[in-house]
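Pasting model07.tsv here (TSV, C-alpha atoms):
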chain	number	residue	atom	x	y	z
A	1	ASN	CA	210.27	80.72	161.90
A	2	ALA	CA	213.68	79.16	162.59
A	3	GLY	CA	215.78	81.80	160.80
A	4	VAL	CA	219.29	80.54	160.01
A	5	THR	CA	220.13	77.04	161.27
A	6	GLN	CA	223.69	75.76	161.44
A	7	THR	CA	224.81	72.21	162.17
A	8	PRO	CA	226.78	70.90	163.90
A	9	LYS	CA	227.34	73.31	166.81
A	10	PHE	CA	230.67	71.73	167.73
A	11	GLN	CA	233.13	69.57	165.76
A	12	VAL	CA	236.63	68.23	166.28
A	13	LEU	CA	238.53	67.10	163.20
A	14	LYS	CA	241.91	65.57	162.64
A	15	THR	CA	244.28	67.28	160.23
A	16	GLY	CA	243.53	66.15	156.69
A	17	GLN	CA	239.93	65.13	157.32
A	18	SER	CA	237.13	66.67	155.32
A	19	MET	CA	233.69	67.73	156.48
A	20	THR	CA	230.69	69.83	155.55
A	21	LEU	CA	229.19	72.54	157.72
A	22	GLN	CA	225.48	72.81	157.04
A	23	CYS	CA	223.49	76.03	156.81
A	24	ALA	CA	219.81	76.41	156.07
A	25	GLN	CA	217.49	79.43	156.13
A	26	ASP	CA	213.71	79.51	155.90
A	27	MET	CA	213.26	83.22	155.15
A	28	ASN	CA	213.55	82.94	151.35
A	29	HIS	CA	216.61	85.19	151.42
A	30	GLU	CA	218.60	85.56	148.20
A	31	TYR	CA	221.93	86.34	149.79
A	32	MET	CA	223.86	83.95	152.00
A	33	SER	CA	227.40	84.13	153.35
A	34	TRP	CA	229.91	82.25	155.45
A	35	TYR	CA	232.14	84.07	157.92
A	36	ARG	CA	234.77	82.89	160.32
A	37	GLN	CA	235.53	84.58	163.62
A	38	ASP	CA	239.00	84.43	165.11
A	39	PRO	CA	240.33	86.24	168.22
A	40	GLY	CA	241.43	89.77	167.39
A	41	MET	CA	240.33	89.41	163.75
A	42	GLY	CA	236.63	90.16	163.78
A	43	LEU	CA	234.52	88.28	161.24
A	44	ARG	CA	236.04	87.56	157.85
A	45	LEU	CA	234.07	86.60	154.76
A	46	ILE	CA	234.88	83.16	153.33
A	47	HIS	CA	232.35	82.71	150.49
A	48	TYR	CA	229.04	84.22	149.57
A	49	SER	CA	226.11	83.59	147.25
A	50	VAL	CA	223.67	86.03	145.62
A	51	GLY	CA	221.23	83.30	144.65
A	52	ALA	CA	220.83	79.63	143.78
A	53	GLY	CA	223.59	78.50	141.46
A	54	ILE	CA	225.75	81.59	142.05
A	55	THR	CA	228.69	81.71	144.45
A	56	ASP	CA	231.81	83.82	144.81
A	57	GLN	CA	234.89	84.11	146.98
A	58	GLY	CA	235.26	86.39	149.94
A	59	GLU	CA	238.32	87.53	151.82
A	60	VAL	CA	239.62	84.13	153.03
A	61	PRO	CA	238.37	81.40	150.62
A	62	ASN	CA	241.38	79.08	150.51
A	63	GLY	CA	240.68	75.57	151.79
A	64	TYR	CA	236.90	75.95	151.52
A	65	ASN	CA	234.29	75.12	148.88
A	66	VAL	CA	230.64	76.10	148.67
A	67	SER	CA	227.66	75.37	146.48
A	68	ARG	CA	224.13	76.76	146.35
A	69	SER	CA	221.77	74.32	144.68
A	70	THR	CA	218.68	75.68	146.46
A	71	THR	CA	217.67	79.04	147.94
A	72	GLU	CA	217.49	77.50	151.41
A	73	ASP	CA	220.82	75.70	151.74
A	74	PHE	CA	224.42	76.91	151.61
A	75	PRO	CA	226.87	74.24	152.83
A	76	LEU	CA	230.54	74.97	153.48
A	77	ARG	CA	233.02	72.18	152.74
A	78	LEU	CA	236.45	71.86	154.27
A	79	LEU	CA	238.46	69.85	151.78
A	80	SER	CA	241.44	68.85	153.94
A	81	ALA	CA	241.25	70.34	157.42
A	82	ALA	CA	244.25	72.21	158.81
A	83	PRO	CA	244.86	73.59	162.34
A	84	SER	CA	244.64	77.11	160.85
A	85	GLN	CA	240.97	76.41	160.16
A	86	THR	CA	240.23	76.13	163.87
A	87	SER	CA	237.65	78.87	164.30
A	88	VAL	CA	234.02	79.70	164.88
A	89	TYR	CA	232.04	79.68	161.65
A	90	PHE	CA	228.91	81.72	161.07
A	91	CYS	CA	226.43	81.45	158.26
A	92	ALA	CA	224.24	84.46	157.47
A	93	SER	CA	221.47	85.46	155.08
A	94	THR	CA	219.72	88.64	154.01
A	95	ASN	CA	217.07	89.88	151.60
A	96	ARG	CA	218.85	93.24	151.33
A	97	ASP	CA	216.09	95.12	153.15
A	98	TYR	CA	217.65	94.59	156.53
A	99	GLY	CA	220.88	93.57	158.14
A	100	TYR	CA	222.17	90.05	157.84
A	101	THR	CA	220.61	87.37	160.05
A	102	PHE	CA	223.28	85.11	161.50
A	103	GLY	CA	223.13	81.51	162.66
A	104	SER	CA	224.37	80.55	166.12
A	105	GLY	CA	227.71	79.30	164.83
A	106	THR	CA	229.79	76.14	164.52
A	107	ARG	CA	232.86	75.86	166.73
A	108	LEU	CA	235.45	73.82	164.84
A	109	THR	CA	238.70	72.52	166.28
A	110	VAL	CA	241.30	70.88	164.02
A	111	VAL	CA	243.93	68.84	165.85
B	1	ASP	CA	245.02	95.74	155.83
B	2	GLN	CA	242.17	96.33	158.25
B	3	GLN	CA	239.63	98.48	156.39
B	4	VAL	CA	237.31	98.76	159.39
B	5	LYS	CA	238.94	99.43	162.74
B	6	GLN	CA	237.65	99.36	166.27
B	7	ASN	CA	240.60	100.57	168.28
B	8	SER	CA	239.15	99.92	171.72
B	9	PRO	CA	239.06	96.17	172.47
B	10	SER	CA	237.09	96.79	175.65
B	11	LEU	CA	235.01	99.42	177.40
B	12	SER	CA	233.44	99.54	180.87
B	13	VAL	CA	230.55	101.87	181.64
B	14	GLN	CA	228.41	102.44	184.72
B	15	GLU	CA	224.78	101.41	184.42
B	16	GLY	CA	222.59	104.36	183.43
B	17	ARG	CA	225.45	106.30	181.82
B	18	ILE	CA	226.17	106.70	178.12
B	19	SER	CA	228.23	104.10	176.25
B	20	ILE	CA	230.10	105.34	173.19
B	21	LEU	CA	231.65	102.81	170.83
B	22	ASN	CA	233.84	104.03	168.00
B	23	CYS	CA	234.69	102.73	164.55
B	24	ASP	CA	236.97	104.07	161.82
B	25	TYR	CA	237.17	103.01	158.20
B	26	THR	CA	239.65	103.58	155.40
B	27	ASN	CA	237.78	102.53	152.24
B	28	SER	CA	236.04	105.57	150.73
B	29	MET	CA	233.78	103.22	148.72
B	30	PHE	CA	231.94	102.19	151.90
B	31	ASP	CA	228.57	103.88	152.03
B	32	TYR	CA	226.49	101.71	154.32
B	33	PHE	CA	227.38	100.92	157.91
B	34	LEU	CA	225.94	98.54	160.46
B	35	TRP	CA	226.39	97.67	164.11
B	36	TYR	CA	226.00	94.14	165.40
B	37	LYS	CA	225.82	92.92	168.97
B	38	LYS	CA	227.12	89.50	169.96
B	39	TYR	CA	226.61	87.49	173.12
B	40	PRO	CA	228.87	84.49	173.91
B	41	ALA	CA	227.95	81.28	172.06
B	42	GLU	CA	225.45	83.13	169.86
B	43	GLY	CA	225.58	84.61	166.40
B	44	PRO	CA	225.77	88.39	165.92
B	45	THR	CA	222.44	90.19	165.90
B	46	PHE	CA	221.73	93.28	163.85
B	47	LEU	CA	221.38	96.43	165.94
B	48	ILE	CA	221.25	99.55	163.80
B	49	SER	CA	222.49	100.82	160.45
B	50	ILE	CA	223.14	104.09	158.65
B	51	SER	CA	223.48	105.09	155.04
B	52	SER	CA	226.12	107.57	153.97
B	53	ILE	CA	223.41	110.04	152.96
B	54	LYS	CA	222.63	110.52	156.65
B	55	ASP	CA	224.76	111.60	159.57
B	56	LYS	CA	222.56	110.22	162.34
B	57	ASN	CA	220.11	107.40	162.88
B	58	GLU	CA	218.21	106.66	166.08
B	59	ASP	CA	216.41	103.57	167.30
B	60	GLY	CA	215.29	103.77	170.91
B	61	ARG	CA	218.32	103.85	173.18
B	62	PHE	CA	220.70	103.39	170.25
B	63	THR	CA	222.01	106.18	168.02
B	64	VAL	CA	224.62	105.86	165.30
B	65	PHE	CA	226.54	108.93	164.11
B	66	LEU	CA	228.47	109.06	160.85
B	67	ASN	CA	231.21	111.56	160.03
B	68	LYS	CA	232.08	110.89	156.39
B	69	SER	CA	234.87	113.43	156.17
B	70	ALA	CA	236.64	111.78	159.12
B	71	LYS	CA	235.63	108.27	158.03
B	72	HIS	CA	234.37	107.71	161.54
B	73	LEU	CA	231.19	106.38	163.06
B	74	SER	CA	230.08	105.89	166.61
B	75	LEU	CA	227.34	104.05	168.45
B	76	HIS	CA	225.78	105.73	171.48
B	77	ILE	CA	223.76	103.72	173.98
B	78	VAL	CA	221.74	105.79	176.46
B	79	PRO	CA	221.03	104.80	179.15
B	80	SER	CA	223.30	101.77	179.37
B	81	GLN	CA	221.75	98.64	180.88
B	82	PRO	CA	223.35	95.41	182.16
B	83	GLY	CA	221.86	93.50	179.20
B	84	ASP	CA	223.95	95.68	176.88
B	85	SER	CA	227.09	93.85	178.02
B	86	ALA	CA	228.27	92.12	174.84
B	87	VAL	CA	230.77	92.41	172.01
B	88	TYR	CA	229.85	95.06	169.45
B	89	PHE	CA	231.00	94.81	165.84
B	90	CYS	CA	231.00	97.62	163.35
B	91	ALA	CA	230.55	96.56	159.69
B	92	ALA	CA	230.59	98.33	156.34
B	93	SER	CA	229.62	97.64	152.75
B	94	ALA	CA	230.11	99.36	149.41
B	95	ASN	CA	226.37	99.77	148.76
B	96	PHE	CA	223.15	99.21	150.59
B	97	GLY	CA	222.53	95.52	151.09
B	98	ASN	CA	225.80	94.57	149.46
B	99	GLU	CA	226.44	90.95	150.16
B	100	LYS	CA	230.02	91.58	151.23
B	101	LEU	CA	230.29	93.05	154.70
B	102	THR	CA	233.66	94.04	156.14
B	103	PHE	CA	233.74	93.79	159.92
B	104	GLY	CA	235.82	95.46	162.57
B	105	THR	CA	237.53	93.47	165.30
B	106	GLY	CA	234.90	94.22	167.93
B	107	THR	CA	234.65	96.06	171.26
B	108	ARG	CA	233.67	94.20	174.42
B	109	LEU	CA	231.28	96.42	176.39
B	110	THR	CA	230.80	95.72	180.08
B	111	ILE	CA	228.04	97.55	181.96
B	112	ILE	CA	228.80	97.84	185.66
B	113	PRO	CA	225.69	97.68	187.88

Show how you would write the structure in this file as structure tokens.
Amino acid sequence: NAGVTQTPKFQVLKTGQSMTLQCAQDMNHEYMSWYRQDPGMGLRLIHYSVGAGITDQGEVPNGYNVSRSTTEDFPLRLLSAAPSQTSVYFCASTNRDYGYTFGSGTRLTVV
Amino acid sequence: DQQVKQNSPSLSVQEGRISILNCDYTNSMFDYFLWYKKYPAEGPTFLISISSIKDKNEDGRFTVFLNKSAKHLSLHIVPSQPGDSAVYFCAASANFGNEKLTFGTGTRLTIIP
């Protein structure tokens, strides 16, 4: 049971480039979320999904897109990377009976 | 506006003693609270939770206390062990299992052998 798998673990982008952070879970969880962690800011919710085909914005959605075509996958797209998007990104999932299970994170640097 | 606050960025405790981590919240709609533990280069892991209908929840060495009137919760770790050294995040949601968690800024706990 792999839990929540995030790829890549590290990425360096140039300003203006686009990329997709992948997230997959094998626990058949309905709910999935993307958070970013910045120094002194805790974890902030970017986007979340309550099931396949349903997504909504969190606290800091600007500059990011998501889609949920399957229960297992919840990719996060950076449309045009900016230095302010340098952060550590965490994907998480839950079935509501327990706390969220988090992936190990993607460390993104935008130069 | 930080709705969940952890005012102590760091805490050092002697091994074997009690560690007390504090968390305050401002949103009266929060009724479910969680603590997560995070090691470097790993994702947060769920530790313990409490519903607003309770004022205490225990799980082994970990106990969470909730004071609704003060909008305050605390995590007690007894006895503290070196493996407890990590960053601890408090989180809250508006109903059990709500998909939107609001996190505090974290407290780095260091257990001194």

In terms of the shortest atom-to-atom distance over all atoms listed in the file, which of A:Gln85, A:Ser93, A:Thr7, A:Ser80 is closest to Val60 (chain A)?
A:Gln85

Per-residue nearest contacts of chain B to chain A (8 Å; all atoms listed in the file) as a Markdown table:
| residue | atom | partner | partner_atom | distance |
| --- | --- | --- | --- | --- |
| B:Leu34 | CA | A:Gly99 | CA | 7.5 |
| B:Ala41 | CA | A:Ser104 | CA | 7.0 |
| B:Glu42 | CA | A:Ser104 | CA | 4.7 |
| B:Gly43 | CA | A:Ser104 | CA | 4.2 |
| B:Pro44 | CA | A:Phe102 | CA | 6.0 |
| B:Thr45 | CA | A:Thr101 | CA | 6.7 |
| B:Phe46 | CA | A:Gly99 | CA | 5.8 |
| B:Ser49 | CA | A:Gly99 | CA | 7.8 |
| B:Phe89 | CA | A:Gly42 | CA | 7.6 |
| B:Phe96 | CA | A:Arg96 | CA | 7.4 |
| B:Gly97 | CA | A:Arg96 | CA | 4.3 |
| B:Asn98 | CA | A:Arg96 | CA | 7.3 |
| B:Glu99 | CA | A:Tyr31 | CA | 6.5 |
| B:Lys100 | CA | A:Leu45 | CA | 7.3 |
| B:Leu101 | CA | A:Leu45 | CA | 7.5 |
| B:Thr102 | CA | A:Arg44 | CA | 7.1 |
| B:Phe103 | CA | A:Leu43 | CA | 5.7 |
| B:Gly104 | CA | A:Gly42 | CA | 5.5 |
| B:Thr105 | CA | A:Gly42 | CA | 3.8 |
| B:Gly106 | CA | A:Gly42 | CA | 6.1 |

Contacts of Gly51 (chain A) at 10 Å (all atoms listed in the file; same-chain gap of 5+ positions) as a list in words:
His29, Glu30, Tyr31, Met32, Arg68, Ser69, Thr70, Thr71, Glu72 and Phe74 of chain A

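Here CA of Val13 (chain B) and CA of Pro40 (chain B) stand 19.1 Å from one another.
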
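Rounded to one decimal, CA of Gln2 (chain B) and CA of Asn67 (chain B) lie 18.8 Å from each other.
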
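Coordinates place CA of Asn7 (chain B) at a distance of 8.0 Å from CA of Thr107 (chain B).
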